[in-house]
file coords03.txt (compact mmCIF, N, CA and C atoms)
# COMPACT_ATOMS: atom_id res chain seq x y z
N MET A 1 90.69 37.08 -6.84
CA MET A 1 89.25 37.06 -6.97
C MET A 1 88.56 37.17 -5.62
N SER A 2 89.09 36.47 -4.62
CA SER A 2 88.45 36.51 -3.31
C SER A 2 88.58 37.88 -2.66
N VAL A 3 89.67 38.58 -2.94
CA VAL A 3 89.82 39.94 -2.40
C VAL A 3 88.79 40.87 -3.03
N ALA A 4 88.52 40.70 -4.30
CA ALA A 4 87.51 41.53 -4.96
C ALA A 4 86.13 41.27 -4.36
N VAL A 5 85.82 40.03 -4.07
CA VAL A 5 84.54 39.71 -3.43
C VAL A 5 84.49 40.32 -2.03
N ALA A 6 85.61 40.28 -1.30
CA ALA A 6 85.66 40.87 0.03
C ALA A 6 85.42 42.37 -0.03
N VAL A 7 86.04 43.04 -0.98
CA VAL A 7 85.86 44.49 -1.11
C VAL A 7 84.41 44.82 -1.47
N LEU A 8 83.81 44.06 -2.37
CA LEU A 8 82.39 44.29 -2.72
C LEU A 8 81.48 44.04 -1.53
N ALA A 9 81.77 43.01 -0.74
CA ALA A 9 80.95 42.73 0.45
C ALA A 9 81.07 43.85 1.47
N ILE A 10 82.27 44.39 1.63
CA ILE A 10 82.45 45.50 2.56
C ILE A 10 81.73 46.75 2.08
N LEU A 11 81.79 47.02 0.79
CA LEU A 11 81.06 48.17 0.26
C LEU A 11 79.55 48.00 0.45
N ALA A 12 79.05 46.79 0.26
CA ALA A 12 77.64 46.54 0.49
C ALA A 12 77.28 46.73 1.96
N PHE A 13 78.15 46.27 2.85
CA PHE A 13 77.89 46.44 4.28
C PHE A 13 77.92 47.92 4.67
N LEU A 14 78.88 48.67 4.15
CA LEU A 14 78.94 50.10 4.45
C LEU A 14 77.72 50.83 3.91
N GLY A 15 77.24 50.43 2.74
CA GLY A 15 76.01 51.00 2.21
C GLY A 15 74.83 50.73 3.10
N TRP A 16 74.76 49.50 3.64
CA TRP A 16 73.68 49.15 4.56
C TRP A 16 73.75 49.98 5.83
N VAL A 17 74.97 50.19 6.36
CA VAL A 17 75.14 50.99 7.58
C VAL A 17 74.71 52.43 7.33
N ILE A 18 75.10 52.99 6.19
CA ILE A 18 74.71 54.36 5.86
C ILE A 18 73.21 54.47 5.69
N PHE A 19 72.62 53.50 5.00
CA PHE A 19 71.17 53.49 4.83
C PHE A 19 70.46 53.40 6.17
N ARG A 20 70.95 52.53 7.04
CA ARG A 20 70.33 52.37 8.37
C ARG A 20 70.48 53.64 9.20
N THR A 21 71.63 54.29 9.09
CA THR A 21 71.86 55.52 9.84
C THR A 21 70.91 56.62 9.37
N ILE A 22 70.71 56.74 8.08
CA ILE A 22 69.81 57.76 7.55
C ILE A 22 68.36 57.44 7.92
N LYS A 23 67.99 56.18 7.83
CA LYS A 23 66.62 55.78 8.07
C LYS A 23 66.25 55.86 9.56
N VAL A 24 67.11 55.36 10.43
CA VAL A 24 66.79 55.29 11.85
C VAL A 24 67.28 56.52 12.61
N LYS A 25 68.22 57.24 12.04
CA LYS A 25 68.79 58.46 12.62
C LYS A 25 69.68 58.20 13.85
N SER A 26 70.09 56.96 14.07
CA SER A 26 71.02 56.69 15.15
C SER A 26 71.86 55.47 14.77
N LEU A 27 73.06 55.47 15.26
CA LEU A 27 73.97 54.35 15.02
C LEU A 27 74.58 53.99 16.37
N LYS A 28 74.21 52.82 16.87
CA LYS A 28 74.68 52.41 18.19
C LYS A 28 76.04 51.74 18.08
N SER A 29 76.73 51.69 19.20
CA SER A 29 78.10 51.19 19.20
C SER A 29 78.18 49.71 18.84
N HIS A 30 77.15 48.93 19.18
CA HIS A 30 77.24 47.51 18.85
C HIS A 30 77.13 47.27 17.34
N PHE A 31 76.51 48.19 16.60
CA PHE A 31 76.50 48.07 15.14
C PHE A 31 77.90 48.32 14.58
N VAL A 32 78.61 49.27 15.18
CA VAL A 32 79.97 49.55 14.74
C VAL A 32 80.88 48.35 15.03
N CYS A 33 80.76 47.77 16.22
CA CYS A 33 81.56 46.59 16.57
C CYS A 33 81.22 45.42 15.66
N TYR A 34 79.94 45.24 15.37
CA TYR A 34 79.50 44.18 14.47
C TYR A 34 80.10 44.38 13.08
N GLY A 35 80.10 45.61 12.63
CA GLY A 35 80.68 45.91 11.32
C GLY A 35 82.17 45.65 11.26
N VAL A 36 82.89 46.04 12.30
CA VAL A 36 84.33 45.78 12.35
C VAL A 36 84.60 44.28 12.36
N ALA A 37 83.79 43.53 13.08
CA ALA A 37 83.96 42.08 13.11
C ALA A 37 83.70 41.46 11.74
N ILE A 38 82.67 41.93 11.07
CA ILE A 38 82.35 41.40 9.74
C ILE A 38 83.46 41.73 8.75
N ILE A 39 83.93 42.97 8.76
CA ILE A 39 84.98 43.38 7.83
C ILE A 39 86.27 42.59 8.07
N SER A 40 86.65 42.43 9.34
CA SER A 40 87.87 41.66 9.61
C SER A 40 87.69 40.20 9.25
N GLY A 41 86.51 39.65 9.47
CA GLY A 41 86.25 38.27 9.09
C GLY A 41 86.31 38.06 7.60
N ILE A 42 85.77 38.99 6.83
CA ILE A 42 85.80 38.88 5.37
C ILE A 42 87.22 38.94 4.85
N PHE A 43 88.02 39.88 5.37
CA PHE A 43 89.39 39.98 4.89
C PHE A 43 90.24 38.79 5.35
N THR A 44 89.98 38.27 6.54
CA THR A 44 90.69 37.08 7.00
C THR A 44 90.38 35.90 6.11
N TYR A 45 89.10 35.73 5.79
CA TYR A 45 88.69 34.64 4.92
C TYR A 45 89.30 34.79 3.53
N ALA A 46 89.31 36.00 3.00
CA ALA A 46 89.91 36.23 1.68
C ALA A 46 91.41 35.98 1.72
N TYR A 47 92.05 36.35 2.80
CA TYR A 47 93.50 36.14 2.93
C TYR A 47 93.82 34.65 2.94
N PHE A 48 93.08 33.88 3.74
CA PHE A 48 93.36 32.45 3.82
C PHE A 48 93.05 31.73 2.52
N LEU A 49 92.03 32.16 1.81
CA LEU A 49 91.71 31.51 0.55
C LEU A 49 92.71 31.85 -0.55
N SER A 50 93.43 32.95 -0.41
CA SER A 50 94.41 33.31 -1.43
C SER A 50 95.78 32.69 -1.18
N MET A 51 95.96 31.98 -0.07
CA MET A 51 97.25 31.35 0.23
C MET A 51 97.42 30.08 -0.60
N GLU A 52 98.67 29.64 -0.75
CA GLU A 52 98.99 28.47 -1.56
C GLU A 52 99.02 27.19 -0.71
N PHE A 53 97.90 26.84 -0.12
CA PHE A 53 97.75 25.60 0.63
C PHE A 53 96.60 24.83 0.04
N PRO A 54 96.52 23.54 0.33
CA PRO A 54 95.34 22.79 -0.14
C PRO A 54 94.05 23.37 0.44
N GLN A 55 92.97 23.23 -0.27
CA GLN A 55 91.68 23.82 0.10
C GLN A 55 91.22 23.38 1.49
N LEU A 56 91.41 22.12 1.84
CA LEU A 56 90.96 21.62 3.13
C LEU A 56 91.67 22.33 4.28
N ILE A 57 92.96 22.55 4.14
CA ILE A 57 93.71 23.24 5.19
C ILE A 57 93.23 24.68 5.33
N LYS A 58 92.94 25.33 4.23
CA LYS A 58 92.43 26.70 4.27
C LYS A 58 91.11 26.77 5.03
N ILE A 59 90.24 25.86 4.74
CA ILE A 59 88.92 25.86 5.37
C ILE A 59 89.04 25.57 6.86
N VAL A 60 89.85 24.58 7.23
CA VAL A 60 90.01 24.23 8.64
C VAL A 60 90.63 25.38 9.42
N VAL A 61 91.64 26.01 8.86
CA VAL A 61 92.28 27.14 9.54
C VAL A 61 91.30 28.30 9.70
N SER A 62 90.49 28.56 8.69
CA SER A 62 89.50 29.64 8.77
C SER A 62 88.48 29.35 9.86
N ILE A 63 88.02 28.12 9.94
CA ILE A 63 87.04 27.75 10.96
C ILE A 63 87.66 27.86 12.36
N LEU A 64 88.86 27.35 12.52
CA LEU A 64 89.51 27.43 13.83
C LEU A 64 89.78 28.87 14.25
N LEU A 65 90.21 29.70 13.32
CA LEU A 65 90.43 31.11 13.63
C LEU A 65 89.12 31.79 14.03
N GLY A 66 88.05 31.47 13.34
CA GLY A 66 86.74 32.02 13.70
C GLY A 66 86.32 31.61 15.09
N ILE A 67 86.52 30.33 15.43
CA ILE A 67 86.18 29.85 16.77
C ILE A 67 86.99 30.58 17.83
N ILE A 68 88.28 30.74 17.58
CA ILE A 68 89.14 31.43 18.55
C ILE A 68 88.69 32.87 18.73
N LEU A 69 88.39 33.57 17.64
CA LEU A 69 87.95 34.97 17.75
C LEU A 69 86.61 35.09 18.47
N ILE A 70 85.71 34.14 18.25
CA ILE A 70 84.42 34.17 18.95
C ILE A 70 84.62 33.96 20.44
N VAL A 71 85.46 33.00 20.82
CA VAL A 71 85.71 32.74 22.25
C VAL A 71 86.38 33.94 22.90
N VAL A 72 87.36 34.54 22.24
CA VAL A 72 88.04 35.72 22.80
C VAL A 72 87.04 36.87 22.97
N GLY A 73 86.19 37.08 21.98
CA GLY A 73 85.18 38.14 22.08
C GLY A 73 84.19 37.89 23.20
N ALA A 74 83.76 36.64 23.36
CA ALA A 74 82.82 36.31 24.44
C ALA A 74 83.46 36.49 25.80
N LEU A 75 84.71 36.07 25.94
CA LEU A 75 85.39 36.26 27.23
C LEU A 75 85.58 37.74 27.54
N TYR A 76 85.92 38.53 26.55
CA TYR A 76 86.08 39.96 26.75
C TYR A 76 84.76 40.61 27.13
N GLN A 77 83.68 40.21 26.45
CA GLN A 77 82.37 40.78 26.75
C GLN A 77 81.92 40.41 28.16
N ARG A 78 82.20 39.17 28.56
CA ARG A 78 81.82 38.74 29.92
C ARG A 78 82.61 39.52 30.96
N ARG A 79 83.90 39.77 30.67
CA ARG A 79 84.73 40.51 31.61
C ARG A 79 84.28 41.97 31.73
N VAL A 80 83.93 42.57 30.60
CA VAL A 80 83.48 43.96 30.61
C VAL A 80 82.11 44.06 31.27
N ALA A 81 81.22 43.11 31.00
CA ALA A 81 79.88 43.14 31.60
C ALA A 81 79.94 42.90 33.10
N GLY A 82 80.95 42.17 33.57
CA GLY A 82 81.10 41.92 35.01
C GLY A 82 81.49 43.15 35.78
N ARG A 83 82.12 44.12 35.12
CA ARG A 83 82.53 45.35 35.79
C ARG A 83 81.36 46.28 36.05
N SER A 84 80.30 46.17 35.27
CA SER A 84 79.16 47.09 35.40
C SER A 84 78.36 46.84 36.63
call {"tool": "encode", "arguments": {"input": "coords03.txt", "output": "structure tokens"}}
result
Amino acid sequence: MSVAVAVLAILAFLGWVIFRTIKVKSLKSHFVCYGVAIISGIFTYAYFLSMEFPQLIKIVVSILLGIILIVVGALYQRRVAGRS
């Protein structure tokens, strides 16, 4: 069930990106990165919720993984911005 919700959410996001591209006539790179982050987050969340662990462990692992990915992304962005 959670995978079906993830697929529907991704289709909705892709529809929004296509609508925005047609309406604004440009698609910047940070929108693409944002979309990839959202899609990977949705599938990660769906994957953890489909595992056979107690609900509390699933939620804690999802939160910790999200924190780790945010910190890694921020460090990478700071490193790339420092080169400019």
call {"tool": "residues_around", "arguments": {"input": "coords03.txt", "residues": "segment 45-48 of chain A", "least_positions_apart": "3", "cutoff": "9 Å", "atoms": "only C-alpha atoms", "output": "list in words"}}
result
Met1, Ser2, Val3, Ala4, Val5, Ala6, Ser40, Gly41, Ile42, Met51, Glu52, Phe53, Lys58, Ile59, Val61 and Ser62 of chain A
call {"tool": "atom_distance", "arguments": {"input": "coords03.txt", "atom1": "atom CA of Gly35 of chain A", "atom2": "atom CA of Leu56 of chain A"}}
result
27.6 Å
call {"tool": "residues_around", "arguments": {"input": "coords03.txt", "residues": "segment 67-74 of chain A", "least_positions_apart": "4", "cutoff": "12 Å", "atoms": "only C-alpha atoms", "output": "list in words"}}
result
Cys33, Tyr34, Ala37, Ile38, Ser40, Gly41, Thr44, Val60, Val61, Ser62, Ile63, Arg78, Arg79, Val80 and Ala81 of chain A
call {"tool": "atom_distance", "arguments": {"input": "coords03.txt", "atom1": "atom C of Pro54 of chain A", "atom2": "atom CA of Gly66 of chain A"}}
result
17.4 Å
call {"tool": "atom_distance", "arguments": {"input": "coords03.txt", "atom1": "atom C of Leu65 of chain A", "atom2": "atom C of Phe43 of chain A"}}
result
11.2 Å
call {"tool": "closest_residue", "arguments": {"input": "coords03.txt", "among": "A:Leu64, A:Gln77, A:Ser29, A:Ile39", "to": "Val7 of chain A", "atoms": "only C-alpha atoms"}}
result
A:Ile39
call {"tool": "residues_around", "arguments": {"input": "coords03.txt", "residues": "Phe31 of chain A", "least_positions_apart": "5", "cutoff": "12 Å", "atoms": "only C-alpha atoms", "output": "tab-separated table (two decimals) with N, CA and C atoms, keeping the file's coordinate frame"}}
result
chain	number	residue	atom	x	y	z
A	13	PHE	N	78.15	46.27	2.85
A	13	PHE	CA	77.89	46.44	4.28
A	13	PHE	C	77.92	47.92	4.67
A	14	LEU	N	78.88	48.67	4.15
A	14	LEU	CA	78.94	50.10	4.45
A	14	LEU	C	77.72	50.83	3.91
A	16	TRP	N	74.76	49.50	3.64
A	16	TRP	CA	73.68	49.15	4.56
A	16	TRP	C	73.75	49.98	5.83
A	17	VAL	N	74.97	50.19	6.36
A	17	VAL	CA	75.14	50.99	7.58
A	17	VAL	C	74.71	52.43	7.33
A	18	ILE	N	75.10	52.99	6.19
A	18	ILE	CA	74.71	54.36	5.86
A	18	ILE	C	73.21	54.47	5.69
A	20	ARG	N	70.95	52.53	7.04
A	20	ARG	CA	70.33	52.37	8.37
A	20	ARG	C	70.48	53.64	9.20
A	21	THR	N	71.63	54.29	9.09
A	21	THR	CA	71.86	55.52	9.84
A	21	THR	C	70.91	56.62	9.37
A	26	SER	N	70.09	56.96	14.07
A	26	SER	CA	71.02	56.69	15.15
A	26	SER	C	71.86	55.47	14.77
A	36	VAL	N	82.89	46.04	12.30
A	36	VAL	CA	84.33	45.78	12.35
A	36	VAL	C	84.60	44.28	12.36
A	37	ALA	N	83.79	43.53	13.08
A	37	ALA	CA	83.96	42.08	13.11
A	37	ALA	C	83.70	41.46	11.74
A	38	ILE	N	82.67	41.93	11.07
A	38	ILE	CA	82.35	41.40	9.74
A	38	ILE	C	83.46	41.73	8.75
call {"tool": "decode", "arguments": {"input": "coords03.txt", "residues": "chain A", "atoms": "C-alpha atoms", "output": "short mmCIF file (atom, residue, chain, number, x, y, z; two decimals), in the first residue's frame"}}
result
data_model
loop_
_atom_site.label_atom_id
_atom_site.label_comp_id
_atom_site.auth_asym_id
_atom_site.auth_seq_id
_atom_site.Cartn_x
_atom_site.Cartn_y
_atom_site.Cartn_z
CA MET A 1 0.00 0.00 0.00
CA SER A 2 2.77 2.44 0.87
CA VAL A 3 4.50 1.80 -2.46
CA ALA A 4 1.28 2.66 -4.29
CA VAL A 5 1.05 5.92 -2.36
CA ALA A 6 4.70 6.65 -3.20
CA VAL A 7 4.09 6.05 -6.90
CA LEU A 8 1.01 8.32 -6.88
CA ALA A 9 2.96 11.04 -5.05
CA ILE A 10 5.75 10.84 -7.61
CA LEU A 11 3.29 11.05 -10.49
CA ALA A 12 1.71 14.11 -8.86
CA PHE A 13 5.14 15.70 -8.43
CA LEU A 14 6.09 14.99 -12.05
CA GLY A 15 2.80 16.51 -13.17
CA TRP A 16 3.58 19.62 -11.13
CA VAL A 17 7.07 19.86 -12.68
CA ILE A 18 5.64 19.52 -16.20
CA PHE A 19 2.97 22.11 -15.46
CA ARG A 20 5.57 24.50 -14.03
CA THR A 21 7.84 23.98 -17.03
CA ILE A 22 5.04 24.76 -19.47
CA LYS A 23 3.80 27.74 -17.48
CA VAL A 24 7.15 29.37 -16.65
CA LYS A 25 9.04 28.11 -19.73
CA SER A 26 12.17 27.30 -17.71
CA LEU A 27 13.29 24.57 -15.38
CA LYS A 28 16.23 25.39 -13.15
CA SER A 29 18.66 22.83 -11.82
CA HIS A 30 17.64 23.28 -8.19
CA PHE A 31 14.09 22.17 -9.09
CA VAL A 32 15.53 18.99 -10.57
CA CYS A 33 17.64 18.37 -7.45
CA TYR A 34 14.63 19.08 -5.25
CA GLY A 35 12.58 16.60 -7.25
CA VAL A 36 15.22 13.89 -7.00
CA ALA A 37 15.41 14.45 -3.24
CA ILE A 38 11.64 14.21 -2.88
CA ILE A 39 11.40 11.07 -5.00
CA SER A 40 14.20 9.32 -3.12
CA GLY A 41 12.68 10.38 0.20
CA ILE A 42 9.27 9.01 -0.74
CA PHE A 43 10.67 5.67 -1.85
CA THR A 44 12.89 5.43 1.24
CA TYR A 45 9.91 6.11 3.47
CA ALA A 46 7.80 3.54 1.60
CA TYR A 47 10.61 0.99 1.83
CA PHE A 48 11.02 1.40 5.59
CA LEU A 49 7.29 1.25 6.22
CA SER A 50 7.01 -2.00 4.26
CA MET A 51 9.66 -3.77 6.39
CA GLU A 52 8.70 -6.25 9.12
CA PHE A 53 9.78 -4.23 12.15
CA PRO A 54 7.72 -2.58 14.87
CA GLN A 55 6.26 0.78 13.83
CA LEU A 56 8.37 2.78 16.29
CA ILE A 57 11.63 1.42 14.89
CA LYS A 58 10.50 2.22 11.34
CA ILE A 59 9.70 5.81 12.25
CA VAL A 60 12.94 6.36 14.18
CA VAL A 61 15.06 4.90 11.38
CA SER A 62 13.26 7.06 8.80
CA ILE A 63 13.84 10.19 10.85
CA LEU A 64 17.50 9.39 11.45
CA LEU A 65 18.07 8.62 7.78
CA GLY A 66 16.43 11.92 6.84
CA ILE A 67 18.67 13.82 9.28
CA ILE A 68 21.77 12.12 7.89
CA LEU A 69 20.79 12.91 4.28
CA ILE A 70 20.07 16.55 5.16
CA VAL A 71 23.46 16.95 6.89
CA VAL A 72 25.30 15.28 3.98
CA GLY A 73 23.50 17.53 1.48
CA ALA A 74 24.28 20.66 3.50
CA LEU A 75 27.94 19.74 3.82
CA TYR A 76 28.16 19.04 0.10
CA GLN A 77 26.45 22.33 -0.75
CA ARG A 78 28.79 24.25 1.57
CA ARG A 79 31.80 22.57 -0.03
CA VAL A 80 30.61 23.32 -3.56
CA ALA A 81 29.68 26.91 -2.68
CA GLY A 82 33.14 27.44 -1.16
CA ARG A 83 34.79 26.68 -4.49
CA SER A 84 32.97 29.51 -6.29
#
